[in-house]
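As structure tokens, the structure follows; a few thoughts come after it.
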Amino acid sequence: MQDILKIIRSRHSTRGAFDLTRPITKETQTLILEGAQWAPTPTNMQNFEIIVVDAREQLDAIGKVPADMSEQFLRETYALLSHSTAELCEKKTGMLITFFPSTWTNPEAWDPDSDYRSQLTFLGRAIGETPLLMLVVYDATKRAPGSVGDPVGLISLGCVLENMWLVCESLQLGLHVLTVVSDGPVEQSLKELLHVPACMKIAFACSIGYAAHPSASYTRVRRDLGAFVHYNNFTRTEPHAPAKDQS
Ligand SMILES: Cc1cc2nc3c(=O)[nH]c(=O)nc-3n(C[C@H](O)[C@H](O)[C@H](O)COP(=O)(O)O)c2cc1C
């Protein structure tokens, strides 16, 4: 019990560069893919495909895709950012603004007609520093039974992600999720490059590798259990002490 909670708690986003001299072997890739394989899905529909990119030339080609995010993507990301650690600790949700390149957080660059747009080159940098990318795609013309807009089917993709992430954590491999690959213009370019059929949608990409540098610790926040657990009806919350070690 403690072991799984330990892995869940220590799993984190690795946002620094990965060590390009340490490729991820096919055997290790298979372990990560088996994590995805055994993810739960509604009616066991297994509504996902995974594109594994480990060839340097293909990674470099992806890195050249313009990071031409929509204004909405940039605006909504910005809304979740804190400007200081103190603000983040107070909010207990969101992320520090310093994790993002300054061009992303420059409202001048959000306007599609702005001259600053050309500076949104983050995709190239992220891909240039990874030995392995796994893109999770799904057929947007299908859905989980009865799920209007397919929220139930999309939950599966989260299960796939978490399983892959926990396997990586247990192998001391870093993982960084990139959702920018699912944003309109970026997704379109990637679909062409990777020959993804028109009916399919890219959900996210996982950049995976061994961290190039020992990771600097950073502030990770979560709401307390008492802030989101409701007992027997929505109006009843209770403060929670952390669980005792049951190992
Ligand atoms: C569905 C999903 C999409 C995410 N997309 C991104 C992303 O595009 N870029 C990024 O840096 N992190 C992304 N993340 C990572 C979250 O920002 C991260 O999990 C959150 O800030 C908590 O930090 P932690 O992973 O270190 O616990 C994503 C996570 C999930 C679950």
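Labels for the structure tokens follow display order: chains A, B, ..., residues from 1 in each chain, ligands from 1.
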Determine, counting only C-alpha atoms, which protein, DNA and RNA residues have an atom within 7 Å of an atom of segment 175-185 of chain A; residues of the same chain fewer than 5 positions away are not included. Present the result as a CSV table (one decimal) with N, CA and C atoms, in the first residue's frame.
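That gives us around-v7.csv:
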```csv
chain,number,residue,atom,x,y,z
A,13,SER,N,6.4,16.2,-12.7
A,13,SER,CA,6.7,16.6,-14.1
A,13,SER,C,8.2,16.9,-14.1
A,14,THR,N,8.9,16.3,-15.1
A,14,THR,CA,10.3,16.6,-15.3
A,14,THR,C,10.4,17.6,-16.5
A,15,ARG,N,10.6,18.9,-16.1
A,15,ARG,CA,10.5,19.9,-17.1
A,15,ARG,C,11.9,20.3,-17.7
A,68,ASP,N,2.7,27.3,-32.9
A,68,ASP,CA,1.8,28.3,-33.2
A,68,ASP,C,0.5,28.1,-32.4
A,69,MET,N,0.6,28.3,-31.1
A,69,MET,CA,-0.6,28.0,-30.3
A,69,MET,C,-1.7,29.0,-30.5
A,70,SER,N,-2.9,28.5,-30.2
A,70,SER,CA,-4.1,29.5,-30.3
A,70,SER,C,-4.0,30.5,-29.2
A,165,TRP,N,3.0,7.1,-16.6
A,165,TRP,CA,3.8,8.0,-15.8
A,165,TRP,C,4.3,7.3,-14.5
A,168,CYS,N,7.1,5.0,-15.5
A,168,CYS,CA,8.3,5.8,-15.6
A,168,CYS,C,8.9,6.2,-14.2
A,202,ILE,N,-5.0,14.1,-31.7
A,202,ILE,CA,-3.9,13.9,-30.8
A,202,ILE,C,-4.3,14.4,-29.4
A,203,ALA,N,-4.2,13.6,-28.4
A,203,ALA,CA,-4.6,14.0,-27.0
A,203,ALA,C,-3.5,14.7,-26.3
A,204,PHE,N,-2.3,14.1,-26.3
A,204,PHE,CA,-1.1,14.7,-25.6
A,204,PHE,C,0.1,13.9,-26.1
A,205,ALA,N,1.2,14.4,-25.7
A,205,ALA,CA,2.5,13.7,-26.0
A,205,ALA,C,3.2,13.6,-24.6
A,206,CYS,N,4.0,12.5,-24.5
A,206,CYS,CA,4.8,12.4,-23.3
A,206,CYS,C,6.3,12.4,-23.8
A,207,SER,N,7.0,13.3,-23.2
A,207,SER,CA,8.4,13.4,-23.5
A,207,SER,C,9.1,12.6,-22.4
A,208,ILE,N,9.9,11.6,-22.7
A,208,ILE,CA,10.4,10.7,-21.7
A,208,ILE,C,11.9,10.6,-21.7
A,209,GLY,N,12.5,10.5,-20.6
A,209,GLY,CA,14.0,10.3,-20.6
A,209,GLY,C,14.6,10.4,-19.2
```
Using only C-alpha atoms and all ligand atoms, which residue out of A:Lys6, A:Arg75, A:His12, A:His213 lies closest to ligand 1?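 Closest to ligand 1 of all the choices is A:His12.
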Test item: residues at most 6 Å from segment 49-54 of chain A, only C-alpha atoms, excluding those fewer than 4 positions along its chain, as an MDAnalysis selection string: chainID A and resid 132:137
Atom 24 (P, counted along the ligand's line) of ligand 1 and atom CA of Arg220 of chain A are how many Å apart?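 Going from atom 24 (P, counted along the ligand's line) of ligand 1 over to atom CA of Arg220 of chain A covers 6.6 Å.
Residue nearest ligand 1, chosen from A:Pro131, A:Pro214, A:Pro101, A:Pro239 and counting only C-alpha atoms and all ligand atoms: A:Pro101.
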Write out as an MDAnalysis selection string which residues come within 10 Å of segment 38-40 of chain A when counting only C-alpha atoms, dropping same-chain ones fewer than 6 positions away. chainID A and resid 46 155:164
Find, counting only C-alpha atoms and all ligand atoms, the residue in A:Glu169, A:Asp60, A:Glu27, A:Asp113 that gets nearest to ligand 1.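 Closest to ligand 1 of all the choices is A:Glu169.
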Tell me, in Å to one decimal, how far atom CA of Gly35 of chain A is from atom CA of Val167 of chain A. 6.4 Å
Point out the residue among A:Leu166, A:Leu225, A:Ala86, A:Leu33 with the least atom-to-atom distance to ligand 1, counting only C-alpha atoms and all ligand atoms. A:Leu166
Which residues are near Ala211 of chain A? Cut-off 7 Å, only C-alpha atoms, ignore same chain within fewer than 3 positions. Put them as a ChimeraX atom specification. /A:16-19,174,214
Could you write those residues out with N, CA and C atoms, as a PDB file, in the first residue's frame?
```
ATOM      1  N   GLY A  16      12.974  19.810 -17.070  1.00  0.00           N
ATOM      2  CA  GLY A  16      14.309  20.140 -17.569  1.00  0.00           C
ATOM      3  C   GLY A  16      14.672  19.244 -18.750  1.00  0.00           C
ATOM      4  N   ALA A  17      15.897  19.409 -19.245  1.00  0.00           N
ATOM      5  CA  ALA A  17      16.355  18.615 -20.389  1.00  0.00           C
ATOM      6  C   ALA A  17      16.584  17.155 -19.980  1.00  0.00           C
ATOM      7  N   PHE A  18      16.412  16.251 -20.947  1.00  0.00           N
ATOM      8  CA  PHE A  18      16.758  14.847 -20.717  1.00  0.00           C
ATOM      9  C   PHE A  18      18.142  14.572 -21.285  1.00  0.00           C
ATOM     10  N   ASP A  19      18.753  13.500 -20.765  1.00  0.00           N
ATOM     11  CA  ASP A  19      20.112  13.131 -21.170  1.00  0.00           C
ATOM     12  C   ASP A  19      20.055  12.402 -22.516  1.00  0.00           C
ATOM     13  N   GLY A 174      12.139  10.281 -16.178  1.00  0.00           N
ATOM     14  CA  GLY A 174      11.348  11.497 -16.123  1.00  0.00           C
ATOM     15  C   GLY A 174      10.318  11.531 -17.244  1.00  0.00           C
ATOM     16  N   PRO A 214      20.484  16.573 -12.031  1.00  0.00           N
ATOM     17  CA  PRO A 214      19.658  16.237 -10.868  1.00  0.00           C
ATOM     18  C   PRO A 214      18.587  17.305 -10.721  1.00  0.00           C
TER      19      PRO A 214
END
```
Backbone-only DSSP, helix (DSSP H, G or I) members of segment 13-239 of chain A, as a VMD selection string: chain A and resid 26 to 37 42 to 44 56 to 63 71 to 78 85 to 91 97 to 99 107 to 109 115 to 119 122 to 128 151 to 170 180 to 182 184 to 193 225 to 228
Could you state the separation of atom CA of Thr98 of chain A and atom CA of Gln172 of chain A in Å, given to one decimal place?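 Value for the atom CA of Thr98 of chain A-atom CA of Gln172 of chain A distance: 24.7 Å.
Remark: for Cys199 of chain A, the closest of the candidate residues A:Glu187, A:Glu238, A:Glu108, A:Asp139 is A:Asp139 (distances computed over only C-alpha atoms).
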Step one, run DSSP on the backbone; step two, keep only residues of segment 70-238 of chain A assigned to strand (DSSP E); then write them as a ChimeraX atom specification. /A:81-82,95-96,132-139,174-178,200-209
Ranking A:Leu74, A:Phe228, A:Lys26, A:Thr41 by minimum distance to Pro145 of chain A and counting only C-alpha atoms, which one comes first?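 Closest to Pro145 of chain A of all the choices is A:Thr41.
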